[in-house]
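Novice: See coords-v3.txt below, with compact mmCIF, C-alpha atoms (C1' of nucleotides).
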```txt
# COMPACT_ATOMS: atom_id res chain seq x y z
CA MET A 1 112.74 -96.18 34.44
CA THR A 2 113.30 -92.50 33.83
CA THR A 3 115.52 -90.76 36.31
CA ALA A 4 113.89 -88.63 38.93
CA ARG A 5 115.04 -85.29 37.51
CA ASP A 6 113.95 -85.79 33.90
CA LEU A 7 111.51 -83.23 32.59
CA SER A 8 109.37 -83.25 29.53
CA PRO A 9 110.67 -80.91 26.82
CA GLU A 10 107.19 -80.67 25.33
CA LYS A 11 105.68 -79.35 28.55
CA ASN A 12 108.60 -77.04 28.91
CA GLU A 13 107.80 -75.51 25.55
CA ALA A 14 104.12 -75.30 26.37
CA ILE A 15 104.85 -73.53 29.62
CA LEU A 16 107.12 -71.00 27.95
CA ASP A 17 104.59 -70.35 25.21
CA GLY A 18 101.87 -69.76 27.76
CA ALA A 19 104.19 -67.59 29.79
CA MET A 20 104.95 -65.48 26.74
CA GLN A 21 101.28 -64.64 26.25
CA GLU A 22 100.74 -63.72 29.86
CA PHE A 23 103.96 -61.83 30.53
CA LEU A 24 103.69 -59.85 27.32
CA LYS A 25 100.15 -58.87 28.19
CA HIS A 26 100.61 -57.88 31.82
CA GLY A 27 104.29 -57.47 32.52
CA TYR A 28 106.15 -59.34 35.23
CA ALA A 29 104.28 -58.31 38.36
CA GLY A 30 100.94 -58.29 36.60
CA ALA A 31 101.28 -61.77 35.14
CA ARG A 32 99.32 -64.54 36.88
CA ILE A 33 100.68 -68.04 37.20
CA ASP A 34 97.14 -69.39 36.96
CA LYS A 35 96.74 -67.83 33.54
CA ILE A 36 100.03 -69.26 32.38
CA VAL A 37 98.95 -72.65 33.62
CA ALA A 38 95.64 -72.40 31.79
CA ALA A 39 97.25 -71.23 28.56
CA ALA A 40 99.88 -73.93 28.70
CA GLY A 41 97.40 -76.67 29.48
CA VAL A 42 99.44 -78.06 32.36
CA SER A 43 99.06 -78.04 36.10
CA LYS A 44 100.59 -75.53 38.41
CA ALA A 45 102.78 -78.12 40.04
CA THR A 46 104.31 -78.94 36.67
CA VAL A 47 105.29 -75.35 36.20
CA TYR A 48 107.06 -75.36 39.54
CA ARG A 49 108.80 -78.60 38.69
CA HIS A 50 110.22 -77.04 35.56
CA PHE A 51 111.08 -73.65 37.03
CA PRO A 52 111.93 -72.87 40.65
CA ASP A 53 109.77 -69.75 40.78
CA LYS A 54 108.06 -67.03 38.82
CA GLU A 55 111.22 -65.02 38.42
CA ALA A 56 113.16 -67.91 36.93
CA LEU A 57 110.34 -68.60 34.52
CA PHE A 58 110.33 -64.98 33.44
CA THR A 59 114.04 -64.76 32.86
CA ALA A 60 114.10 -68.05 30.98
CA LEU A 61 111.37 -66.76 28.71
CA ILE A 62 113.01 -63.44 27.94
CA GLN A 63 116.36 -65.06 27.34
CA ARG A 64 114.73 -67.41 24.86
CA MET A 65 112.94 -64.58 23.08
CA ALA A 66 116.09 -62.50 22.86
CA VAL A 67 118.17 -65.37 21.52
CA ARG A 68 115.56 -66.56 19.07
CA LYS A 69 114.92 -62.97 18.05
CA GLU A 70 111.24 -63.83 17.88
CA VAL A 71 110.79 -60.12 17.82
CA PHE A 72 112.86 -57.32 16.45
CA ARG A 73 114.96 -58.86 13.81
CA LEU A 74 116.59 -55.61 12.82
CA GLN A 75 119.60 -56.93 11.09
CA ASN A 76 118.15 -58.94 8.27
CA LEU A 77 118.68 -58.47 4.56
CA GLN A 78 122.30 -58.81 3.68
CA LEU A 79 122.13 -56.79 0.45
CA PHE A 80 125.41 -55.31 1.42
CA GLU A 81 126.55 -54.40 -2.02
CA LYS A 82 123.72 -52.08 -2.98
CA GLU A 83 123.72 -48.32 -3.36
CA PRO A 84 124.02 -46.84 0.15
CA ALA A 85 120.85 -44.76 0.05
CA ILE A 86 118.88 -47.74 -1.16
CA PHE A 87 120.40 -50.08 1.36
CA LEU A 88 119.75 -47.73 4.25
CA LYS A 89 116.22 -47.01 3.21
CA LYS A 90 115.44 -50.67 2.79
CA TYR A 91 117.00 -51.38 6.15
CA ALA A 92 114.90 -48.73 7.85
CA THR A 93 111.73 -49.66 6.03
CA GLY A 94 112.15 -53.29 6.91
CA MET A 95 112.66 -52.51 10.54
CA LEU A 96 109.73 -50.11 10.77
CA ASP A 97 107.42 -52.52 8.98
CA ASN A 98 108.45 -55.26 11.30
CA VAL A 99 107.74 -53.14 14.36
CA ALA A 100 104.65 -51.30 13.23
CA GLY A 101 102.92 -54.41 12.01
CA ASP A 102 103.46 -56.50 15.12
CA PRO A 103 101.97 -55.50 18.47
CA GLN A 104 104.05 -58.19 20.15
CA VAL A 105 107.21 -56.36 19.26
CA LEU A 106 105.93 -53.19 20.88
CA THR A 107 104.86 -55.09 23.97
CA PHE A 108 108.22 -56.78 24.18
CA LEU A 109 109.97 -53.42 23.96
CA ARG A 110 107.77 -52.04 26.71
CA MET A 111 108.51 -54.97 28.94
CA ILE A 112 112.26 -55.07 28.44
CA ILE A 113 112.52 -51.37 29.20
CA GLY A 114 109.92 -51.41 31.93
CA GLU A 115 111.56 -54.28 33.80
CA SER A 116 115.14 -53.22 33.12
CA GLY A 117 115.40 -51.88 36.65
CA ARG A 118 114.39 -55.11 38.32
CA PHE A 119 115.98 -57.38 35.72
CA PRO A 120 119.16 -55.74 34.48
CA GLU A 121 120.53 -58.99 33.09
CA LEU A 122 117.59 -59.33 30.75
CA ALA A 123 118.11 -55.83 29.50
CA ARG A 124 121.73 -56.64 28.84
CA ALA A 125 120.76 -59.78 26.95
CA PHE A 126 118.53 -57.63 24.78
CA VAL A 127 121.30 -55.18 24.06
CA LYS A 128 123.71 -57.98 23.32
CA SER A 129 121.58 -60.03 20.99
CA ILE A 130 119.54 -57.33 19.27
CA GLU A 131 120.92 -53.81 19.57
CA LYS A 132 124.60 -54.60 19.27
CA PRO A 133 124.35 -56.68 16.08
CA SER A 134 122.36 -53.90 14.46
CA ILE A 135 124.85 -51.23 15.37
CA ASP A 136 127.77 -53.39 14.32
CA LEU A 137 126.24 -54.25 10.97
CA LEU A 138 125.46 -50.65 10.11
CA THR A 139 128.83 -49.46 11.33
CA GLN A 140 130.62 -51.96 9.15
CA TYR A 141 128.50 -51.07 6.18
CA LEU A 142 129.14 -47.36 6.52
CA ALA A 143 132.83 -47.92 7.14
CA SER A 144 133.14 -50.11 4.07
CA HIS A 145 131.99 -47.25 1.84
CA PRO A 146 134.71 -44.63 2.12
CA SER A 147 133.10 -42.65 -0.67
CA LEU A 148 130.42 -41.69 1.81
CA GLN A 149 133.01 -39.59 3.64
CA ILE A 150 131.60 -40.48 7.01
CA ALA A 151 134.08 -39.43 9.64
CA ASP A 152 132.70 -41.60 12.46
CA PRO A 153 130.74 -44.55 11.11
CA GLU A 154 129.72 -45.90 14.50
CA VAL A 155 128.17 -42.63 15.59
CA ALA A 156 126.46 -42.34 12.23
CA ALA A 157 125.08 -45.84 12.72
CA ARG A 158 123.87 -44.90 16.18
CA ALA A 159 122.28 -41.73 14.90
CA PHE A 160 120.50 -43.68 12.21
CA ILE A 161 119.20 -46.38 14.51
CA GLY A 162 118.55 -43.95 17.33
CA THR A 163 116.37 -41.78 15.13
CA LEU A 164 114.37 -44.80 14.06
CA ILE A 165 113.96 -46.18 17.56
CA HIS A 166 112.93 -42.78 18.86
CA PHE A 167 110.40 -42.53 16.05
CA VAL A 168 108.99 -45.91 17.01
CA LEU A 169 108.87 -44.96 20.65
CA LEU A 170 107.03 -41.72 20.03
CA LYS A 171 104.57 -42.96 17.47
CA TYR A 172 103.82 -46.55 18.41
CA VAL A 173 104.97 -47.25 21.93
CA LEU A 174 103.91 -43.96 23.51
CA HIS A 175 100.89 -43.39 21.26
CA GLY A 176 102.12 -39.93 20.27
CA GLU A 177 101.07 -40.00 16.64
CA ASP A 178 98.76 -36.98 16.71
CA ILE A 179 100.79 -35.06 19.27
CA VAL A 180 104.03 -35.07 17.31
CA PRO A 181 102.96 -36.13 13.81
CA MET A 182 105.58 -37.14 11.28
CA GLU A 183 105.30 -38.96 7.99
CA ARG A 184 107.46 -42.02 7.84
CA ASP A 185 108.76 -41.33 4.36
CA ARG A 186 109.58 -37.75 5.18
CA LEU A 187 111.57 -38.87 8.20
CA LEU A 188 113.47 -41.48 6.23
CA ASP A 189 114.27 -39.31 3.24
CA SER A 190 115.36 -36.33 5.29
CA LEU A 191 117.37 -38.57 7.56
CA LEU A 192 119.21 -40.09 4.64
CA THR A 193 119.89 -36.66 3.24
CA LEU A 194 121.31 -35.64 6.58
CA ILE A 195 123.58 -38.63 6.98
CA LEU A 196 124.68 -38.93 3.38
CA SER A 197 124.95 -35.20 2.78
CA ASN A 198 128.67 -35.38 2.08
CA THR A 199 128.14 -37.31 -1.12
CA ALA A 200 127.56 -35.46 -4.34
CA GLN A 201 123.90 -36.25 -4.66
CA VAL A 202 121.58 -38.40 -2.67
CA GLN A 203 119.32 -40.73 -4.55
CA VAL A 204 116.43 -42.08 -2.61
CA SER A 205 114.08 -44.54 -4.18
CA SER A 206 112.63 -47.76 -3.03
CA MET B 1 81.31 -26.77 59.58
CA THR B 2 83.33 -28.09 56.68
CA THR B 3 81.35 -29.70 53.93
CA ALA B 4 81.35 -33.43 53.74
CA ARG B 5 83.48 -33.70 50.61
CA ASP B 6 86.35 -31.44 51.64
CA LEU B 7 89.76 -33.05 51.63
CA SER B 8 93.00 -31.96 53.16
CA PRO B 9 95.45 -30.65 50.55
CA GLU B 10 98.33 -31.44 52.86
CA LYS B 11 97.43 -35.11 53.08
CA ASN B 12 96.86 -35.15 49.36
CA GLU B 13 100.42 -33.99 48.83
CA ALA B 14 101.76 -36.47 51.34
CA ILE B 15 99.96 -39.33 49.65
CA LEU B 16 101.27 -38.37 46.22
CA ASP B 17 104.80 -38.04 47.56
CA GLY B 18 104.62 -41.45 49.14
CA ALA B 19 103.09 -42.87 45.99
CA MET B 20 105.94 -41.49 43.94
CA GLN B 21 108.51 -43.37 45.98
CA GLU B 22 106.64 -46.65 45.78
CA PHE B 23 105.52 -46.53 42.17
CA LEU B 24 108.92 -45.45 40.96
CA LYS B 25 110.52 -48.29 42.85
CA HIS B 26 108.20 -51.13 41.88
CA GLY B 27 106.05 -50.02 38.97
CA TYR B 28 102.28 -50.02 38.95
CA ALA B 29 101.46 -53.66 39.62
CA GLY B 30 104.37 -54.08 41.98
CA ALA B 31 103.56 -51.09 44.15
CA ARG B 32 101.91 -51.81 47.50
CA ILE B 33 99.32 -49.54 49.00
CA ASP B 34 100.56 -50.37 52.47
CA LYS B 35 103.98 -49.00 51.60
CA ILE B 36 102.48 -45.83 50.22
CA VAL B 37 100.44 -45.46 53.38
CA ALA B 38 103.50 -45.91 55.54
CA ALA B 39 105.61 -43.49 53.51
CA ALA B 40 102.87 -40.88 53.50
CA GLY B 41 102.19 -41.21 57.21
CA VAL B 42 98.44 -41.51 56.75
CA SER B 43 95.96 -44.30 57.09
CA LYS B 44 94.80 -46.52 54.29
CA ALA B 45 91.26 -45.24 54.52
CA THR B 46 92.49 -41.71 53.93
CA VAL B 47 94.13 -42.76 50.71
CA TYR B 48 90.87 -44.22 49.50
CA ARG B 49 89.00 -41.10 50.48
CA HIS B 50 91.32 -39.01 48.33
CA PHE B 51 91.51 -41.38 45.39
CA PRO B 52 88.88 -43.87 44.27
CA ASP B 53 91.38 -46.66 43.67
CA LYS B 54 94.98 -47.56 42.98
CA GLU B 55 94.70 -46.79 39.29
CA ALA B 56 93.39 -43.28 39.88
CA LEU B 57 96.17 -42.62 42.34
CA PHE B 58 98.73 -43.78 39.83
CA THR B 59 97.41 -41.66 36.99
CA ALA B 60 97.11 -38.60 39.21
CA LEU B 61 100.72 -39.04 40.23
CA ILE B 62 102.10 -39.43 36.74
CA GLN B 63 100.09 -36.51 35.44
CA ARG B 64 101.51 -34.37 38.20
CA MET B 65 105.06 -35.49 37.49
CA ALA B 66 104.70 -34.86 33.78
CA VAL B 67 103.21 -31.41 34.26
CA ARG B 68 105.66 -30.38 36.93
CA LYS B 69 108.50 -31.83 34.87
CA GLU B 70 109.97 -33.09 38.12
CA VAL B 71 112.09 -35.21 35.87
CA PHE B 72 113.49 -34.70 32.44
CA ARG B 73 113.58 -31.00 31.94
CA LEU B 74 115.10 -31.24 28.50
CA GLN B 75 114.22 -27.81 27.22
CA ASN B 76 116.00 -25.51 29.60
CA LEU B 77 118.64 -22.92 28.87
CA GLN B 78 117.36 -20.32 26.48
CA LEU B 79 120.72 -19.24 25.14
CA PHE B 80 119.15 -19.08 21.77
CA GLU B 81 121.56 -16.60 20.26
CA LYS B 82 124.74 -18.56 20.68
CA GLU B 83 126.86 -20.27 18.10
CA PRO B 84 124.91 -23.35 16.88
CA ALA B 85 127.57 -25.92 17.70
CA ILE B 86 127.92 -24.48 21.17
CA PHE B 87 124.21 -24.26 21.75
CA LEU B 88 123.60 -27.82 20.63
CA LYS B 89 126.43 -29.21 22.65
CA LYS B 90 125.31 -27.40 25.75
CA TYR B 91 121.78 -28.58 25.15
CA ALA B 92 122.89 -32.20 24.84
CA THR B 93 125.28 -32.00 27.75
CA GLY B 94 122.66 -30.51 29.99
CA MET B 95 120.18 -33.18 29.12
CA LEU B 96 122.64 -36.04 29.56
CA ASP B 97 123.86 -34.67 32.86
CA ASN B 98 120.31 -34.35 34.05
CA VAL B 99 119.53 -37.93 33.13
CA ALA B 100 122.75 -39.62 34.06
CA GLY B 101 122.94 -38.04 37.48
CA ASP B 102 119.41 -38.81 38.58
CA PRO B 103 118.24 -42.40 38.99
CA GLN B 104 114.68 -41.14 39.40
CA VAL B 105 114.67 -39.94 35.82
CA LEU B 106 115.69 -43.35 34.58
CA THR B 107 113.06 -45.03 36.70
CA PHE B 108 110.44 -42.63 35.47
CA LEU B 109 111.38 -43.37 31.87
CA ARG B 110 111.18 -47.09 32.53
CA MET B 111 107.76 -46.75 34.08
CA ILE B 112 106.24 -44.50 31.44
CA ILE B 113 107.38 -46.83 28.69
CA GLY B 114 106.68 -49.99 30.62
CA GLU B 115 103.13 -48.98 31.46
CA SER B 116 102.37 -47.30 28.14
CA GLY B 117 100.37 -50.32 27.07
CA ARG B 118 98.07 -50.32 30.08
CA PHE B 119 98.06 -46.53 30.49
CA PRO B 120 98.18 -44.95 27.03
CA GLU B 121 96.91 -41.61 28.28
CA LEU B 122 99.85 -41.26 30.61
CA ALA B 123 102.23 -41.97 27.77
CA ARG B 124 100.54 -39.28 25.73
CA ALA B 125 100.81 -36.82 28.58
CA PHE B 126 104.53 -37.53 28.66
CA VAL B 127 104.90 -36.92 24.94
CA LYS B 128 102.86 -33.76 25.14
CA SER B 129 104.56 -32.12 28.07
CA ILE B 130 108.13 -33.35 27.66
CA GLU B 131 108.98 -34.70 24.22
CA LYS B 132 107.01 -32.27 22.10
CA PRO B 133 108.40 -29.09 23.69
CA SER B 134 111.91 -30.40 23.18
CA ILE B 135 111.35 -31.21 19.54
CA ASP B 136 109.62 -27.90 18.92
CA LEU B 137 112.36 -25.88 20.57
CA LEU B 138 115.12 -27.55 18.63
CA THR B 139 113.21 -27.35 15.39
CA GLN B 140 112.67 -23.64 15.83
CA TYR B 141 116.28 -23.11 16.69
CA LEU B 142 117.55 -24.96 13.65
CA ALA B 143 115.02 -23.27 11.38
CA SER B 144 116.01 -19.85 12.65
CA HIS B 145 119.58 -20.36 11.48
CA PRO B 146 119.35 -20.58 7.69
CA SER B 147 123.11 -20.48 7.43
CA LEU B 148 123.10 -24.03 8.74
CA GLN B 149 121.57 -25.13 5.45
CA ILE B 150 119.39 -27.69 7.12
CA ALA B 151 116.80 -28.84 4.65
CA ASP B 152 114.39 -30.35 7.16
CA PRO B 153 114.84 -28.84 10.62
CA GLU B 154 112.25 -30.98 12.32
CA VAL B 155 113.82 -34.20 11.17
CA ALA B 156 117.22 -32.87 12.14
CA ALA B 157 115.83 -32.07 15.58
CA ARG B 158 114.38 -35.55 15.85
CA ALA B 159 117.65 -37.11 14.76
CA PHE B 160 119.49 -35.11 17.37
CA ILE B 161 117.13 -35.93 20.21
CA GLY B 162 116.63 -39.48 19.02
CA THR B 163 120.34 -40.16 19.06
CA LEU B 164 120.60 -38.82 22.58
CA ILE B 165 117.61 -40.74 23.88
CA HIS B 166 118.86 -43.91 22.27
CA PHE B 167 122.24 -43.36 23.88
CA VAL B 168 120.57 -42.95 27.25
CA LEU B 169 118.48 -46.04 26.73
CA LEU B 170 121.43 -48.20 25.78
CA LYS B 171 123.86 -46.97 28.37
CA TYR B 172 121.79 -46.14 31.44
CA VAL B 173 118.35 -47.64 31.13
CA LEU B 174 119.35 -50.99 29.64
CA HIS B 175 122.74 -51.21 31.37
CA GLY B 176 124.55 -51.73 28.09
CA GLU B 177 127.62 -49.69 28.84
CA ASP B 178 130.19 -52.44 28.41
CA ILE B 179 128.31 -54.24 25.63
CA VAL B 180 128.14 -51.24 23.30
CA PRO B 181 130.63 -48.79 24.76
CA MET B 182 130.70 -45.23 23.56
CA GLU B 183 132.29 -42.15 24.98
CA ARG B 184 129.83 -39.37 25.56
CA ASP B 185 132.03 -36.67 24.08
CA ARG B 186 132.80 -38.71 21.02
CA LEU B 187 129.11 -39.24 20.40
CA LEU B 188 128.31 -35.57 20.82
CA ASP B 189 131.16 -34.23 18.71
CA SER B 190 130.60 -36.68 15.87
CA LEU B 191 126.88 -36.10 16.01
CA LEU B 192 127.36 -32.37 15.72
CA THR B 193 129.72 -32.85 12.82
CA LEU B 194 127.11 -35.00 11.14
CA ILE B 195 124.24 -32.58 11.59
CA LEU B 196 126.16 -29.39 10.97
CA SER B 197 128.30 -30.79 8.19
CA ASN B 198 126.91 -28.36 5.61
CA THR B 199 128.52 -25.39 7.27
CA ALA B 200 132.05 -24.44 6.38
CA GLN B 201 133.65 -25.62 9.57
CA VAL B 202 132.31 -27.02 12.76
CA GLN B 203 133.63 -25.64 15.97
CA VAL B 204 132.98 -27.72 19.00
CA SER B 205 134.04 -26.48 22.37
CA SER B 206 132.29 -26.34 25.67
C1' DG C 1 87.92 -36.18 57.64
C1' DT C 2 90.77 -39.53 59.59
C1' DC C 3 91.65 -43.51 62.12
C1' DT C 4 91.53 -48.85 63.56
C1' DA C 5 90.02 -53.09 62.44
C1' DT C 6 88.36 -56.22 59.25
C1' DA C 7 86.13 -58.34 55.09
C1' DT C 8 87.17 -60.55 50.99
C1' DC C 9 89.72 -62.71 47.80
C1' DA C 10 93.55 -63.91 44.77
C1' DG C 11 98.39 -64.68 44.55
C1' DG C 12 102.52 -67.88 44.64
C1' DA C 13 103.98 -72.02 46.20
C1' DT C 14 103.58 -77.04 48.06
C1' DA C 15 101.90 -82.03 49.78
C1' DG C 16 100.63 -86.20 48.54
C1' DA C 17 98.15 -89.38 45.44
C1' DC C 18 99.00 -91.86 41.12
C1' DG D 1 106.67 -86.57 36.16
C1' DT D 2 102.19 -84.85 36.42
C1' DC D 3 97.96 -84.12 38.56
C1' DT D 4 94.31 -82.37 42.31
C1' DA D 5 93.55 -80.04 46.26
C1' DT D 6 95.15 -76.93 49.60
C1' DC D 7 97.95 -73.76 52.55
C1' DC D 8 99.02 -69.15 53.75
C1' DT D 9 100.52 -64.79 52.98
C1' DG D 10 99.43 -60.35 51.55
C1' DA D 11 96.71 -57.58 48.44
C1' DT D 12 92.79 -54.04 47.64
C1' DA D 13 89.06 -52.07 49.49
C1' DT D 14 85.45 -50.95 53.16
C1' DA D 15 82.64 -50.42 57.87
C1' DG D 16 82.16 -48.10 61.75
C1' DA D 17 84.09 -45.47 65.73
C1' DC D 18 85.69 -40.78 66.91
```
As structure tokens, what does this structure read like?
Specialist:
Amino acid sequence: MTTARDLSPEKNEAILDGAMQEFLKHGYAGARIDKIVAAAGVSKATVYRHFPDKEALFTALIQRMAVRKEVFRLQNLQLFEKEPAIFLKKYATGMLDNVAGDPQVLTFLRMIIGESGRFPELARAFVKSIEKPSIDLLTQYLASHPSLQIADPEVAARAFIGTLIHFVLLKYVLHGEDIVPMERDRLLDSLLTLILSNTAQVQVSS
Amino acid sequence: MTTARDLSPEKNEAILDGAMQEFLKHGYAGARIDKIVAAAGVSKATVYRHFPDKEALFTALIQRMAVRKEVFRLQNLQLFEKEPAIFLKKYATGMLDNVAGDPQVLTFLRMIIGESGRFPELARAFVKSIEKPSIDLLTQYLASHPSLQIADPEVAARAFIGTLIHFVLLKYVLHGEDIVPMERDRLLDSLLTLILSNTAQVQVSS
DNA sequence: GTCTATATCAGGATAGAC
DNA sequence: GTCTATCCTGATATAGAC
């Protein structure tokens, strides 16, 4: 005697997992409900009982991914108390490894940006749950080290992250590796020198 | 007595113009040939006589946009001989004005990134004709001013552009203005201070 | 070389049995 | 609550007249 509006959480999960595969591969408009159905192992009618339409399914999926941070966990490693140059380099290395090693992250980035015109709320969820925490963490870190003499920690944090994101965009997302080549370590070391240049000497070692 | 394979350049232009509207508005998969046909004022058969299929039309369009730099002319203003802080600020201001004021630029950015998985060659064309010239110009500029004491001009150029692009992404593309607020002038002034901090004093005025 | 008209098929969404 | 089977709209692409 289940009530008429009860839905199976298991199927719900299966649908979202299937949807993730398909949407990540083809984007919103390119994704096919039939493929999602096949991947999820449920019937089409079940999908439409769980979600009113394709758009709702898509937004539910992206919201879940953004909240779970299944991709793009920038703000890990709380080794706050380390030497600044080491902390920053580890932070950057961790983020780049995470992105470079996982095609899903790149695809997710492409989709969030590509659909940000049609789905502004999803873009905002991304900013809120992924970009903002990263900026805030770095800002706080830089501000908590007055010896660094950084006049505007938030802008420094944005410059740091922005340089990394731009590097990822050029090299991995836009396939520009041989058009604008740049060694990762050179970028990181020079970037640290630039940002920490007010300190007496800059020690960079992993 | 025109040969059988001659095509009208006027119609070709009209088709590409119509395609631009539609593709920019809905992306590749979302774009409808019927709409392109209507906007171009030609028949559907004519489109398929000029371009083998939808994909070819799309790539032809993007290539044209990238070459013509109809959007995103980052590397204008050759006031190379000015004071560095002034030059850089003017450079950044010009680029931000160009982007912020023109929704087409934002849409183009979204599309290039969004479709960079399915159309890697288009992404590379974008890097080659838009990103690379910008990086090269800035690198040369910074390298030609030894008094700036910039150890690695190319990385400094990338940091500068990367910070700007990231700012554009967060604020305009991803609609994150009220989630991660930042005044444009504050970003620019602090960024200049950061990059030019090795000089005696930094003068920033527009 | 361009048009009108149409073939062909796949998409999202639903009706009705169980 | 989930399935099978189906509707129907709208898509890309083409055939044939002019």
Novice: Any idea which chain C residues end up within 9 Å of chain B if we count only C-alpha atoms (C1' of nucleotides), as a PDB file with C-alpha atoms (C1' of nucleotides), keeping the file's coordinate frame please?
Specialist:
```pdb
ATOM      1  C1'  DG C   1      87.920 -36.180  57.640  1.00  0.00           C
ATOM      2  C1'  DT C   2      90.770 -39.530  59.590  1.00  0.00           C
ATOM      3  C1'  DC C   3      91.650 -43.510  62.120  1.00  0.00           C
TER       4       DC C   3
END
```
Novice: Write out, as a Markdown table, each residue of chain D that has an atom at most 8 Å from chain A, together with the closest pair of atoms and their distance in Å to one decimal, counting only C-alpha atoms (C1' of nucleotides), rows going by chain and rising number.
Specialist:
```
| residue | atom | partner | partner_atom | distance |
| --- | --- | --- | --- | --- |
| D:DG1 | C1' | A:Leu7 | CA | 6.9 |
| D:DT2 | C1' | A:Thr46 | CA | 6.3 |
| D:DC3 | C1' | A:Ser43 | CA | 6.7 |
```
Novice: Sort by chain and increasing residue number a table of all residues of chain A within 7 Å of chain B, each with its closest pair of atoms and their distance in Å to one decimal, counting all atoms listed in the file, and write it as a tab-separated table.
Specialist:
```
residue	atom	partner	partner_atom	distance
A:Ala29	CA	B:Gly30	CA	5.6
A:Gly30	CA	B:Ala29	CA	5.6
A:Arg110	CA	B:Gly114	CA	4.5
A:Met111	CA	B:Gly114	CA	5.6
A:Ile113	CA	B:Arg110	CA	5.6
A:Gly114	CA	B:Gly114	CA	3.8
A:Ser116	CA	B:Leu174	CA	5.9
A:Pro120	CA	B:His175	CA	6.6
A:Ala123	CA	B:Leu174	CA	5.0
A:Arg124	CA	B:Gly176	CA	5.7
A:Val127	CA	B:Gly176	CA	6.2
A:Lys128	CA	B:Ile179	CA	6.4
A:Lys132	CA	B:Val180	CA	6.3
A:Asp152	CA	B:Ser190	CA	6.3
A:Val155	CA	B:Leu187	CA	6.0
A:Arg158	CA	B:Thr163	CA	6.6
A:Ala159	CA	B:Thr163	CA	4.9
A:Gly162	CA	B:Thr163	CA	4.5
A:Thr163	CA	B:Gly162	CA	4.5
A:His166	CA	B:Gly162	CA	5.0
A:Val173	CA	B:Ser116	CA	6.7
A:Leu174	CA	B:Ala123	CA	5.0
A:His175	CA	B:Arg124	CA	6.1
A:Gly176	CA	B:Arg124	CA	5.7
A:Ile179	CA	B:Lys128	CA	6.4
A:Val180	CA	B:Lys132	CA	6.3
A:Leu187	CA	B:Val155	CA	6.0
A:Ser190	CA	B:Asp152	CA	6.3
A:Leu191	CA	B:Val155	CA	6.7
A:Leu194	CA	B:Ile195	CA	6.6
A:Ile195	CA	B:Leu194	CA	6.6
```
Novice: In Å, with one decimal, what is the gap from CA of Lys54 in chain B to CA of Val67 in chain B?
Specialist: 20.1 Å
Novice: Could you jot down the CA of Glu83 in chain A to CA of His145 in chain A separation for me, Å, one decimal place?
Specialist: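 One can read the CA of Glu83 in chain A to CA of His145 in chain A distance as 9.8 Å.
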